[in-house]
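*Asks:* Below is structure-v1.cif; it holds mmCIF, C-alpha atoms.
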```
data_structure
loop_
_atom_site.group_PDB
_atom_site.id
_atom_site.type_symbol
_atom_site.label_atom_id
_atom_site.label_comp_id
_atom_site.auth_asym_id
_atom_site.auth_seq_id
_atom_site.Cartn_x
_atom_site.Cartn_y
_atom_site.Cartn_z
ATOM 1 C CA MET N 1 154.831 61.040 68.541
ATOM 2 C CA TYR N 2 152.846 60.431 71.722
ATOM 3 C CA PRO N 3 150.548 57.379 71.590
ATOM 4 C CA PHE N 4 146.828 57.718 72.274
ATOM 5 C CA THR N 5 143.689 55.639 71.877
ATOM 6 C CA TYR N 6 140.746 56.639 69.705
ATOM 7 C CA THR N 7 137.099 55.670 70.226
ATOM 8 C CA ARG N 8 134.080 56.729 68.170
ATOM 9 C CA ALA N 9 131.095 56.976 70.502
ATOM 10 C CA SER N 10 127.928 55.411 69.100
ATOM 11 C CA GLY N 11 125.692 56.998 71.724
ATOM 12 C CA THR N 12 125.601 59.646 74.440
ATOM 13 C CA GLN N 13 126.002 57.211 77.323
ATOM 14 C CA GLU N 14 129.014 55.593 75.705
ATOM 15 C CA ALA N 15 130.599 59.024 75.296
ATOM 16 C CA LEU N 16 129.892 59.940 78.930
ATOM 17 C CA ASP N 17 131.370 56.665 80.171
ATOM 18 C CA ALA N 18 134.540 57.273 78.166
ATOM 19 C CA GLY N 19 134.715 60.872 79.351
ATOM 20 C CA ARG N 20 134.380 59.797 82.964
ATOM 21 C CA ARG N 21 137.397 57.544 82.431
ATOM 22 C CA GLY N 22 139.428 60.553 81.292
ATOM 23 C CA GLY N 23 138.778 60.553 77.543
ATOM 24 C CA ARG N 24 138.933 63.884 75.726
ATOM 25 C CA TYR N 25 135.979 64.718 73.516
ATOM 26 C CA ILE N 26 136.695 65.603 69.899
ATOM 27 C CA ALA N 27 134.388 66.505 66.995
ATOM 28 C CA GLY N 28 135.700 68.734 64.203
ATOM 29 C CA GLY N 29 139.179 68.622 65.745
ATOM 30 C CA THR N 30 140.228 72.011 64.386
ATOM 31 C CA THR N 31 141.791 73.054 67.702
ATOM 32 C CA LEU N 32 142.713 69.908 69.602
ATOM 33 C CA VAL N 33 144.482 68.233 66.682
ATOM 34 C CA ASP N 34 146.648 71.335 66.212
ATOM 35 C CA LEU N 35 147.562 71.350 69.897
ATOM 36 C CA MET N 36 148.426 67.661 69.790
ATOM 37 C CA ARG N 37 150.603 68.215 66.731
ATOM 38 C CA GLU N 38 152.496 70.937 68.593
ATOM 39 C CA THR N 39 152.694 68.727 71.739
ATOM 40 C CA VAL N 40 150.920 71.398 73.769
ATOM 41 C CA GLU N 41 148.240 68.793 74.531
ATOM 42 C CA ARG N 42 149.008 65.091 75.020
ATOM 43 C CA PRO N 43 145.708 63.324 75.687
ATOM 44 C CA GLU N 44 145.944 59.598 76.256
ATOM 45 C CA SER N 45 142.436 58.941 74.937
ATOM 46 C CA LEU N 46 140.218 60.657 72.350
ATOM 47 C CA VAL N 47 136.458 60.155 72.198
ATOM 48 C CA ASP N 48 134.921 61.086 68.846
ATOM 49 C CA ILE N 49 131.434 62.502 69.501
ATOM 50 C CA SER N 50 130.730 63.680 65.958
ATOM 51 C CA GLY N 51 128.001 61.052 65.509
ATOM 52 C CA LEU N 52 125.887 62.133 68.488
ATOM 53 C CA PRO N 53 122.461 63.752 67.871
ATOM 54 C CA LEU N 54 123.516 67.258 68.926
ATOM 55 C CA ASP N 55 123.433 68.961 65.539
ATOM 56 C CA GLU N 56 120.141 70.882 65.480
ATOM 57 C CA VAL N 57 119.108 74.518 65.880
ATOM 58 C CA THR N 58 115.683 74.934 67.488
ATOM 59 C CA VAL N 59 113.534 77.893 68.503
ATOM 60 C CA THR N 60 112.582 77.936 72.189
ATOM 61 C CA GLY N 61 109.926 79.853 74.069
ATOM 62 C CA ARG N 62 108.919 83.123 72.435
ATOM 63 C CA GLY N 63 111.963 83.582 70.296
ATOM 64 C CA GLY N 64 114.940 82.058 72.056
ATOM 65 C CA LEU N 65 117.334 79.647 70.383
ATOM 66 C CA ARG N 66 119.048 76.408 71.247
ATOM 67 C CA ILE N 67 122.121 75.617 69.147
ATOM 68 C CA GLY N 68 123.364 72.056 69.434
ATOM 69 C CA ALA N 69 127.001 71.569 70.347
ATOM 70 C CA LEU N 70 127.721 69.720 67.089
ATOM 71 C CA VAL N 71 126.167 72.306 64.783
ATOM 72 C CA THR N 72 129.051 73.561 62.666
ATOM 73 C CA MET N 73 129.958 77.213 62.617
ATOM 74 C CA SER N 74 128.913 77.535 58.979
ATOM 75 C CA GLU N 75 125.572 75.804 59.629
ATOM 76 C CA ALA N 76 124.793 78.080 62.564
ATOM 77 C CA ALA N 77 125.823 81.222 60.673
ATOM 78 C CA SER N 78 123.582 80.434 57.712
ATOM 79 C CA HIS N 79 120.590 79.132 59.661
ATOM 80 C CA ARG N 80 117.474 81.143 58.862
ATOM 81 C CA LYS N 81 116.363 81.534 62.478
ATOM 82 C CA VAL N 82 119.815 82.484 63.737
ATOM 83 C CA ARG N 83 120.103 85.166 61.059
ATOM 84 C CA SER N 84 116.629 86.583 61.707
ATOM 85 C CA LEU N 85 116.507 86.420 65.511
ATOM 86 C CA PHE N 86 120.134 87.125 66.459
ATOM 87 C CA PRO N 87 122.195 88.420 63.514
ATOM 88 C CA VAL N 88 125.016 89.210 65.952
ATOM 89 C CA ILE N 89 125.673 85.439 66.157
ATOM 90 C CA SER N 90 125.801 85.003 62.385
ATOM 91 C CA GLU N 91 128.079 88.017 61.960
ATOM 92 C CA ALA N 92 130.469 86.827 64.672
ATOM 93 C CA LEU N 93 130.684 83.376 63.093
ATOM 94 C CA GLU N 94 131.224 84.699 59.579
ATOM 95 C CA LEU N 95 134.110 86.849 60.817
ATOM 96 C CA SER N 96 135.788 83.798 62.356
ATOM 97 C CA ALA N 97 138.497 81.654 60.766
ATOM 98 C CA SER N 98 138.320 80.533 57.145
ATOM 99 C CA ALA N 99 135.357 79.022 55.323
ATOM 100 C CA GLN N 100 137.050 75.610 55.374
ATOM 101 C CA LEU N 101 137.511 75.705 59.142
ATOM 102 C CA ARG N 102 133.953 76.933 59.704
ATOM 103 C CA ASN N 103 132.697 73.933 57.764
ATOM 104 C CA MET N 104 134.481 71.593 60.187
ATOM 105 C CA ALA N 105 134.487 73.392 63.552
ATOM 106 C CA THR N 106 131.508 72.993 65.880
ATOM 107 C CA ILE N 107 129.849 75.438 68.239
ATOM 108 C CA GLY N 108 130.828 73.359 71.264
ATOM 109 C CA GLY N 109 134.417 73.126 70.116
ATOM 110 C CA ASN N 110 134.568 76.821 69.316
ATOM 111 C CA ILE N 111 133.759 77.923 72.847
ATOM 112 C CA MET N 112 136.148 75.302 74.235
ATOM 113 C CA GLN N 113 139.093 76.424 72.106
ATOM 114 C CA ARG N 114 142.219 77.470 73.939
ATOM 115 C CA THR N 115 144.131 80.715 73.633
ATOM 116 C CA ARG N 116 146.222 81.618 70.610
ATOM 117 C CA CYS N 117 148.922 83.154 72.849
ATOM 118 C CA THR N 118 152.252 82.360 71.168
ATOM 119 C CA TYR N 119 153.882 81.578 74.519
ATOM 120 C CA PHE N 120 151.172 79.027 75.320
ATOM 121 C CA ARG N 121 151.783 77.306 71.982
ATOM 122 C CA ASP N 122 155.580 77.424 72.274
ATOM 123 C CA VAL N 123 156.439 74.512 74.565
ATOM 124 C CA SER N 124 159.855 76.025 75.271
ATOM 125 C CA ALA N 125 158.301 79.175 76.836
ATOM 126 C CA ASP N 126 157.053 79.656 80.387
ATOM 127 C CA CYS N 127 153.269 79.376 80.507
ATOM 128 C CA ASN N 128 151.074 78.804 83.552
ATOM 129 C CA ARG N 129 148.174 77.612 81.388
ATOM 130 C CA ARG N 130 150.266 74.860 79.867
ATOM 131 C CA GLU N 131 152.459 74.102 82.897
ATOM 132 C CA PRO N 132 151.065 75.476 86.187
ATOM 133 C CA GLY N 133 153.662 77.313 88.239
ATOM 134 C CA SER N 134 156.127 77.855 85.401
ATOM 135 C CA GLY N 135 155.413 81.589 84.994
ATOM 136 C CA CYS N 136 153.981 83.817 82.249
ATOM 137 C CA ALA N 137 156.439 84.870 79.558
ATOM 138 C CA ALA N 138 153.918 87.315 78.075
ATOM 139 C CA LEU N 139 154.040 89.638 81.102
ATOM 140 C CA LYS N 140 157.412 91.027 80.016
ATOM 141 C CA GLY N 141 157.465 89.698 76.494
ATOM 142 C CA VAL N 142 155.740 90.657 73.261
ATOM 143 C CA ASN N 143 152.215 91.290 74.505
ATOM 144 C CA ARG N 144 150.623 93.576 71.914
ATOM 145 C CA THR N 145 147.699 91.191 71.344
ATOM 146 C CA HIS N 146 147.179 90.207 74.963
ATOM 147 C CA ALA N 147 144.401 91.026 77.412
ATOM 148 C CA ILE N 148 143.798 94.242 79.321
ATOM 149 C CA LEU N 149 140.712 93.021 81.227
ATOM 150 C CA GLY N 150 140.397 90.063 83.597
ATOM 151 C CA THR N 151 144.136 89.514 83.796
ATOM 152 C CA SER N 152 146.220 88.273 86.709
ATOM 153 C CA ASN N 153 149.900 87.929 87.481
ATOM 154 C CA ALA N 154 149.574 84.324 86.319
ATOM 155 C CA CYS N 155 148.086 84.907 82.842
ATOM 156 C CA VAL N 156 147.225 87.678 80.374
ATOM 157 C CA ALA N 157 146.096 85.560 77.402
ATOM 158 C CA THR N 158 142.898 86.463 75.540
ATOM 159 C CA HIS N 159 140.070 84.102 74.695
ATOM 160 C CA PRO N 160 140.047 83.798 70.888
ATOM 161 C CA SER N 161 136.397 83.005 70.087
ATOM 162 C CA ASP N 162 134.252 85.572 68.269
ATOM 163 C CA VAL N 163 130.897 83.861 68.742
ATOM 164 C CA ALA N 164 131.619 83.524 72.465
ATOM 165 C CA VAL N 165 131.500 87.332 72.637
ATOM 166 C CA ALA N 166 128.018 87.285 71.095
ATOM 167 C CA PHE N 167 126.920 84.563 73.518
ATOM 168 C CA ALA N 168 128.229 86.576 76.472
ATOM 169 C CA ALA N 169 126.413 89.707 75.304
ATOM 170 C CA LEU N 170 123.125 87.824 74.829
ATOM 171 C CA GLU N 171 123.426 86.189 78.259
ATOM 172 C CA ALA N 172 123.340 82.669 76.874
ATOM 173 C CA THR N 173 123.636 79.520 78.945
ATOM 174 C CA VAL N 174 125.696 76.411 78.260
ATOM 175 C CA ARG N 175 123.809 73.134 78.515
ATOM 176 C CA LEU N 176 125.863 70.277 79.984
ATOM 177 C CA LEU N 177 125.356 66.560 80.452
ATOM 178 C CA GLY N 178 127.491 64.492 82.784
ATOM 179 C CA PRO N 179 127.528 61.491 85.080
ATOM 180 C CA GLU N 180 125.370 63.433 87.564
ATOM 181 C CA GLY N 181 122.795 64.462 84.965
ATOM 182 C CA GLU N 182 121.991 67.672 83.127
ATOM 183 C CA ARG N 183 122.724 71.206 84.228
ATOM 184 C CA GLN N 184 122.967 74.698 82.768
ATOM 185 C CA VAL N 185 125.675 77.269 83.420
ATOM 186 C CA PRO N 186 125.438 80.966 82.492
ATOM 187 C CA PHE N 187 127.850 81.603 79.663
ATOM 188 C CA THR N 188 129.728 84.284 81.601
ATOM 189 C CA ASP N 189 130.344 81.724 84.377
ATOM 190 C CA PHE N 190 131.295 78.880 82.039
ATOM 191 C CA LEU N 191 134.557 80.447 80.833
ATOM 192 C CA LEU N 192 136.808 81.180 83.806
ATOM 193 C CA LYS N 193 139.116 84.125 84.381
ATOM 194 C CA PRO N 194 142.685 82.950 85.074
ATOM 195 C CA GLY N 195 143.233 84.153 88.638
ATOM 196 C CA ASN N 196 145.829 81.847 90.176
ATOM 197 C CA THR N 197 144.612 78.794 88.209
ATOM 198 C CA PRO N 198 144.839 79.735 84.516
ATOM 199 C CA HIS N 199 145.071 76.060 83.516
ATOM 200 C CA ARG N 200 141.414 75.672 84.582
ATOM 201 C CA GLU N 201 139.589 77.375 81.738
ATOM 202 C CA GLN N 202 135.980 76.129 81.893
ATOM 203 C CA ALA N 203 133.527 75.294 84.665
ATOM 204 C CA LEU N 204 133.317 71.672 83.548
ATOM 205 C CA ARG N 205 133.114 68.678 85.816
ATOM 206 C CA ARG N 206 134.916 65.458 84.969
ATOM 207 C CA GLY N 207 133.289 63.678 82.063
ATOM 208 C CA GLU N 208 130.781 66.441 81.292
ATOM 209 C CA LEU N 209 129.740 66.973 77.698
ATOM 210 C CA ILE N 210 128.489 70.221 76.160
ATOM 211 C CA THR N 211 125.142 69.496 74.514
ATOM 212 C CA GLY N 212 124.307 72.997 73.347
ATOM 213 C CA VAL N 213 124.145 76.736 73.887
ATOM 214 C CA GLU N 214 120.803 78.361 74.674
ATOM 215 C CA ILE N 215 120.014 82.018 73.995
ATOM 216 C CA PRO N 216 117.026 83.404 75.897
ATOM 217 C CA ALA N 217 114.136 85.175 74.212
ATOM 218 C CA LEU N 218 114.726 88.924 74.308
ATOM 219 C CA PRO N 219 112.248 91.789 73.879
ATOM 220 C CA ARG N 220 111.406 92.734 70.306
ATOM 221 C CA PRO N 221 112.157 94.644 68.184
ATOM 222 C CA LEU N 222 115.820 93.806 68.710
ATOM 223 C CA LYS N 223 118.721 95.019 66.590
ATOM 224 C CA SER N 224 122.090 93.371 66.981
ATOM 225 C CA GLY N 225 125.483 93.151 65.325
ATOM 226 C CA TYR N 226 129.159 92.299 65.711
ATOM 227 C CA LEU N 227 132.166 94.457 64.861
ATOM 228 C CA LYS N 228 135.696 93.059 64.737
ATOM 229 C CA VAL N 229 138.909 95.064 64.504
ATOM 230 C CA ARG N 230 141.995 93.134 63.434
ATOM 231 C CA ASP N 231 145.373 93.593 61.787
ATOM 232 C CA ARG N 232 144.101 92.226 58.489
ATOM 233 C CA GLN N 233 140.642 91.580 57.108
ATOM 234 C CA SER N 234 141.078 87.880 56.363
ATOM 235 C CA TYR N 235 141.461 85.034 58.854
ATOM 236 C CA GLU N 236 142.808 86.930 61.854
ATOM 237 C CA PHE N 237 141.956 87.088 65.536
ATOM 238 C CA ALA N 238 140.517 90.260 67.035
ATOM 239 C CA LEU N 239 142.503 93.100 68.518
ATOM 240 C CA THR N 240 139.121 94.282 69.792
ATOM 241 C CA SER N 241 135.542 93.408 68.988
ATOM 242 C CA ALA N 242 132.080 94.415 70.161
ATOM 243 C CA ALA N 243 128.790 92.523 70.232
ATOM 244 C CA VAL N 244 125.760 94.769 70.718
ATOM 245 C CA ALA N 245 122.007 94.113 70.950
ATOM 246 C CA LEU N 246 119.536 96.948 71.569
ATOM 247 C CA HIS N 247 115.805 96.924 72.244
ATOM 248 C CA VAL N 248 114.434 100.369 71.421
ATOM 249 C CA ARG N 249 110.752 101.167 71.921
ATOM 250 C CA GLY N 250 109.108 104.569 71.788
ATOM 251 C CA GLY N 251 112.423 106.152 70.921
ATOM 252 C CA VAL N 252 114.014 104.975 74.196
ATOM 253 C CA ILE N 253 116.507 102.171 74.796
ATOM 254 C CA ARG N 254 114.669 99.687 76.995
ATOM 255 C CA GLU N 255 117.318 96.975 77.084
ATOM 256 C CA ALA N 256 120.994 96.828 76.056
ATOM 257 C CA LYS N 257 123.356 93.861 75.775
ATOM 258 C CA VAL N 258 127.033 94.643 75.169
ATOM 259 C CA ALA N 259 130.218 92.563 75.337
ATOM 260 C CA ALA N 260 133.770 92.929 74.035
ATOM 261 C CA GLY N 261 136.292 90.472 72.635
ATOM 262 C CA GLY N 262 140.017 90.522 71.939
ATOM 263 C CA VAL N 263 140.649 92.468 75.143
ATOM 264 C CA GLY N 264 139.716 90.078 77.941
ATOM 265 C CA THR N 265 140.926 86.762 79.259
ATOM 266 C CA VAL N 266 137.300 85.747 78.666
ATOM 267 C CA PRO N 267 134.599 87.386 76.517
ATOM 268 C CA TRP N 268 134.005 90.557 78.483
ATOM 269 C CA LYS N 269 130.471 91.638 79.412
ATOM 270 C CA LEU N 270 130.170 95.421 79.778
ATOM 271 C CA PRO N 271 127.433 96.106 82.378
ATOM 272 C CA ALA N 272 128.557 99.718 82.923
ATOM 273 C CA VAL N 273 128.009 100.432 79.225
ATOM 274 C CA GLU N 274 124.598 98.733 79.337
ATOM 275 C CA GLU N 275 123.517 100.714 82.399
ATOM 276 C CA HIS N 276 124.551 103.964 80.734
ATOM 277 C CA LEU N 277 122.339 103.186 77.731
ATOM 278 C CA VAL N 278 119.103 101.960 79.304
ATOM 279 C CA GLY N 279 116.403 104.600 79.587
ATOM 280 C CA GLU N 280 118.134 106.973 77.186
ATOM 281 C CA ARG N 281 117.346 108.116 73.658
ATOM 282 C CA PRO N 282 119.819 107.041 70.959
ATOM 283 C CA SER N 283 122.227 109.817 70.020
ATOM 284 C CA GLU N 284 125.837 110.391 69.044
ATOM 285 C CA ALA N 285 126.527 111.885 72.471
ATOM 286 C CA LEU N 286 125.040 108.843 74.212
ATOM 287 C CA TRP N 287 127.183 106.369 72.260
ATOM 288 C CA ALA N 288 130.342 108.304 73.098
ATOM 289 C CA ALA N 289 129.484 108.626 76.784
ATOM 290 C CA ALA N 290 128.527 104.963 77.118
ATOM 291 C CA ALA N 291 131.673 103.781 75.338
ATOM 292 C CA GLN N 292 133.809 105.630 77.862
ATOM 293 C CA GLN N 293 132.721 102.990 80.381
ATOM 294 C CA ALA N 294 134.014 100.091 78.278
ATOM 295 C CA SER N 295 137.565 100.009 79.622
ATOM 296 C CA ASN N 296 136.710 100.281 83.331
ATOM 297 C CA GLY N 297 139.280 98.241 85.247
ATOM 298 C CA ALA N 298 141.650 97.832 82.299
ATOM 299 C CA ARG N 299 145.261 96.865 83.084
ATOM 300 C CA PRO N 300 147.258 97.506 79.920
ATOM 301 C CA LEU N 301 150.658 95.926 79.399
ATOM 302 C CA THR N 302 153.832 97.425 77.962
ATOM 303 C CA HIS N 303 152.945 96.941 74.311
ATOM 304 C CA ASN N 304 149.143 97.088 74.297
ATOM 305 C CA ARG N 305 148.192 100.369 75.920
ATOM 306 C CA PHE N 306 146.613 101.308 72.598
ATOM 307 C CA LYS N 307 143.922 98.701 73.261
ATOM 308 C CA VAL N 308 142.218 100.896 75.864
ATOM 309 C CA GLU N 309 141.410 103.557 73.297
ATOM 310 C CA LEU N 310 140.760 101.006 70.566
ATOM 311 C CA LEU N 311 138.196 99.281 72.782
ATOM 312 C CA ARG N 312 136.389 102.560 73.423
ATOM 313 C CA ARG N 313 136.288 103.384 69.724
ATOM 314 C CA THR N 314 135.141 99.895 68.745
ATOM 315 C CA VAL N 315 132.249 99.903 71.215
ATOM 316 C CA GLU N 316 131.234 103.431 70.200
ATOM 317 C CA ARG N 317 131.312 102.544 66.511
ATOM 318 C CA GLN N 318 129.184 99.434 66.964
ATOM 319 C CA LEU N 319 126.668 101.268 69.123
ATOM 320 C CA ARG N 320 126.260 103.757 66.302
ATOM 321 C CA ILE N 321 125.818 100.990 63.729
ATOM 322 C CA VAL N 322 123.259 99.014 65.707
ATOM 323 C CA GLY N 323 121.575 102.155 67.031
ATOM 324 C CA GLY N 324 121.091 103.431 63.509
ATOM 325 C CA THR N 325 123.119 106.636 63.721
ATOM 326 C CA LYS N 326 126.367 105.598 62.030
#
```
As structure tokens - that is how I would like this structure written.
*Replies:*
Amino acid sequence: MYPFTYTRASGTQEALDAGRRGGRYIAGGTTLVDLMRETVERPESLVDISGLPLDEVTVTGRGGLRIGALVTMSEAASHRKVRSLFPVISEALELSASAQLRNMATIGGNIMQRTRCTYFRDVSADCNRREPGSGCAALKGVNRTHAILGTSNACVATHPSDVAVAFAALEATVRLLGPEGERQVPFTDFLLKPGNTPHREQALRRGELITGVEIPALPRPLKSGYLKVRDRQSYEFALTSAAVALHVRGGVIREAKVAAGGVGTVPWKLPAVEEHLVGERPSEALWAAAAQQASNGARPLTHNRFKVELLRRTVERQLRIVGGTK
């Protein structure tokens, strides 16, 4: 047992002060407590932020959304405006974890969760995320579930969040509050690819607190959805997944938002797929041709070469579903 202190913040400033002193923020605790139990994480100080006023979903502008960091996954998934404006978010959340965990876990905690790589969670294994410079046991180990996009020689672990894939597709921003004030970071810049520093996973400054995730207003009508492929249908992380949003007007795709999960070290935006779709008329041939672009730059490992084809098929299938030609 490693000793730590626990403080329940009564206000935002109190939380920021504690964070600046090195305290780790905790709300639902569904990830951090597990990591502490397994001695993967050993924080000296926990700051409970569950009482802060960051638990609302609000409509912004002409149809954007702001989801507070402390909104639970189940609350966000069932929210009327989330379901009507961006069903891809609700679907991604409902395909995540168990109902019990979704009732506890928060949106801010979900995007901050760390990889489920077994080598990362096994403190006896080499892992650069857990212990920089120690190596990556997954490179030559059992790597069937590991990443094929955004990898480096230092790390091939996937990011586990489903809703993060939807946020990446929709080009959301993360709202942050810290000692230097407020700022916003594009979602695709907030989660960092491993490179040579896999232990640095988010673009957070010391003491910064996530206050919410903001999704911009997108042209209407907009159809969106999330497809997840996994080894079993209940409570399992993705082998591949696809978040798709399409704006079709006059029979032509005017705007396309596409991202993949389960295959990247971060939720993987697919601009080549989007570019292939825009300006075209929905068709079976278009979905197939666009999906061929999904695995550009893939670097499969010994045991996960199948993921390249699975990614293509997953993206193609979800394009058909959202495009209305399934």
*Asks:* I'd like to see the residues matched by the PyMOL selection byres ((chain N and resi 274) around 12) on this file, and ideally I'd get them as a VMD selection string.
*Replies:* chain N and resid 169 to 170 243 to 247 253 to 259 269 to 273 275 to 280 286 to 287 289 to 294 315 319
*Asks:* Excluding N:Asn103 and any residue of its chain fewer than 2 positions from it, enumerate the residues within 7 Å of it, using all atoms listed in the file, and give them as a PDB file with C-alpha atoms, in the frame of the given file.
*Replies:*
```pdb
ATOM      1  CA  THR N  72     129.051  73.561  62.666  1.00  0.00           C
ATOM      2  CA  MET N  73     129.958  77.213  62.617  1.00  0.00           C
ATOM      3  CA  SER N  74     128.913  77.535  58.979  1.00  0.00           C
ATOM      4  CA  ALA N  99     135.357  79.022  55.323  1.00  0.00           C
ATOM      5  CA  GLN N 100     137.050  75.610  55.374  1.00  0.00           C
ATOM      6  CA  LEU N 101     137.511  75.705  59.142  1.00  0.00           C
ATOM      7  CA  ALA N 105     134.487  73.392  63.552  1.00  0.00           C
TER       8      ALA N 105
END
```
*Asks:* One decimal, in Å: what's the spacing between atom CA of N:Asn143 and atom CA of N:Cys155?
*Replies:*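 That distance, rounded to one decimal, is 11.3 Å.
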*Asks:* List as a list in words the protein and nucleic acid residues near N:Glu91, meaning an atom at most 12 Å away when only C-alpha atoms are counted, but skip any in the same chain fewer than 3 places from it.
*Replies:* Met73, Ser74, Ala76, Ala77, Ser78, His79, Val82, Arg83, Ser84, Phe86, Pro87, Val88, Glu94, Leu95, Ser96, Asp162, Val163, Ala164, Val165, Ala166, Ser224, Gly225, Tyr226, Leu227, Lys228, Ser241, Ala242, Ala243 and Val244 of chain N
*Asks:* Kindly resolve the PyMOL selection byres ((chain N and resi 115-123) around 9) on the present coordinates and return the residues as a list of chain:residue names.
*Replies:*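 Selection result, ordered by chain and number: N:Leu35, N:Glu38, N:Thr39, N:Val40, N:Gln113, N:Arg114, N:Ser124, N:Ala125, N:Asp126, N:Cys127, N:Asn128, N:Arg129, N:Arg130, N:Cys136, N:Ala137, N:Ala138, N:Asn143, N:Thr145, N:His146, N:Val156, N:Ala157, N:Thr158, N:His159, N:Pro160, N:Ser161, N:Phe237, N:Thr265.
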*Asks:* Find the distance between atom CA of N:Ala9 and atom CA of N:Asp55 and write it in Å to one decimal.
*Replies:* 15.1 Å
*Asks:* Name the residues in contact with stretch 198-209 of chain N at a cut-off of 7 Å, using all atoms listed in the file, excluding same-chain residues fewer than 4 positions from it; report them as an MDAnalysis selection string.
*Replies:* chainID N and resid 16 19:20 22 128:130 132 154:155 176:179 190:192 194
*Asks:* Since we have the selection now, will you write its residues out, keeping C-alpha atoms, as a CSV table (one decimal), in the coordinates of the input?
*Replies:*
```
chain,number,residue,atom,x,y,z
N,16,LEU,CA,129.9,59.9,78.9
N,19,GLY,CA,134.7,60.9,79.4
N,20,ARG,CA,134.4,59.8,83.0
N,22,GLY,CA,139.4,60.6,81.3
N,128,ASN,CA,151.1,78.8,83.6
N,129,ARG,CA,148.2,77.6,81.4
N,130,ARG,CA,150.3,74.9,79.9
N,132,PRO,CA,151.1,75.5,86.2
N,154,ALA,CA,149.6,84.3,86.3
N,155,CYS,CA,148.1,84.9,82.8
N,176,LEU,CA,125.9,70.3,80.0
N,177,LEU,CA,125.4,66.6,80.5
N,178,GLY,CA,127.5,64.5,82.8
N,179,PRO,CA,127.5,61.5,85.1
N,190,PHE,CA,131.3,78.9,82.0
N,191,LEU,CA,134.6,80.4,80.8
N,192,LEU,CA,136.8,81.2,83.8
N,194,PRO,CA,142.7,83.0,85.1
```
*Asks:* Mind giving me the straight-line distance from atom CA of N:Ser10 to atom CA of N:Glu44 in Å, one decimal?
*Replies:*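 Here the two named atoms are 19.8 Å from each other.
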*Asks:* Taking only C-alpha atoms into account, name the residue in N:Gly297, N:Gly150, N:Gly68, N:Gly63 that is nearest to N:Leu222.
*Replies:*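 Closest to N:Leu222, using only C-alpha atoms: N:Gly63.
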*Asks:* Would you please work out which residue, of N:Arg299, N:Arg220, N:Arg21, N:Arg66, is nearest to N:Leu46 when using all atoms listed in the file?
*Replies:*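 Closest to N:Leu46, using all atoms listed in the file: N:Arg21.
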*Asks:* Restricting the calculation to only C-alpha atoms: of N:Leu32, N:Met104, N:Leu65, N:Ala27, which residue gets closest to N:Ser50?
*Replies:*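 So, comparing all the options, the nearest one is N:Ala27.
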*Asks:* For N:Lys307, which residue among N:Thr7, N:Ser90, N:Ser295, N:Ser283 is the nearest when counting only C-alpha atoms?
*Replies:* N:Ser295
*Asks:* Expand the PyMOL selection byres ((chain N and resi 24) around 6) into the individual residues it matches in the shown file, reporting them as a list in words.
*Replies:*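 Those residues are Gly23, Tyr25, Leu46 and Val47 of chain N.
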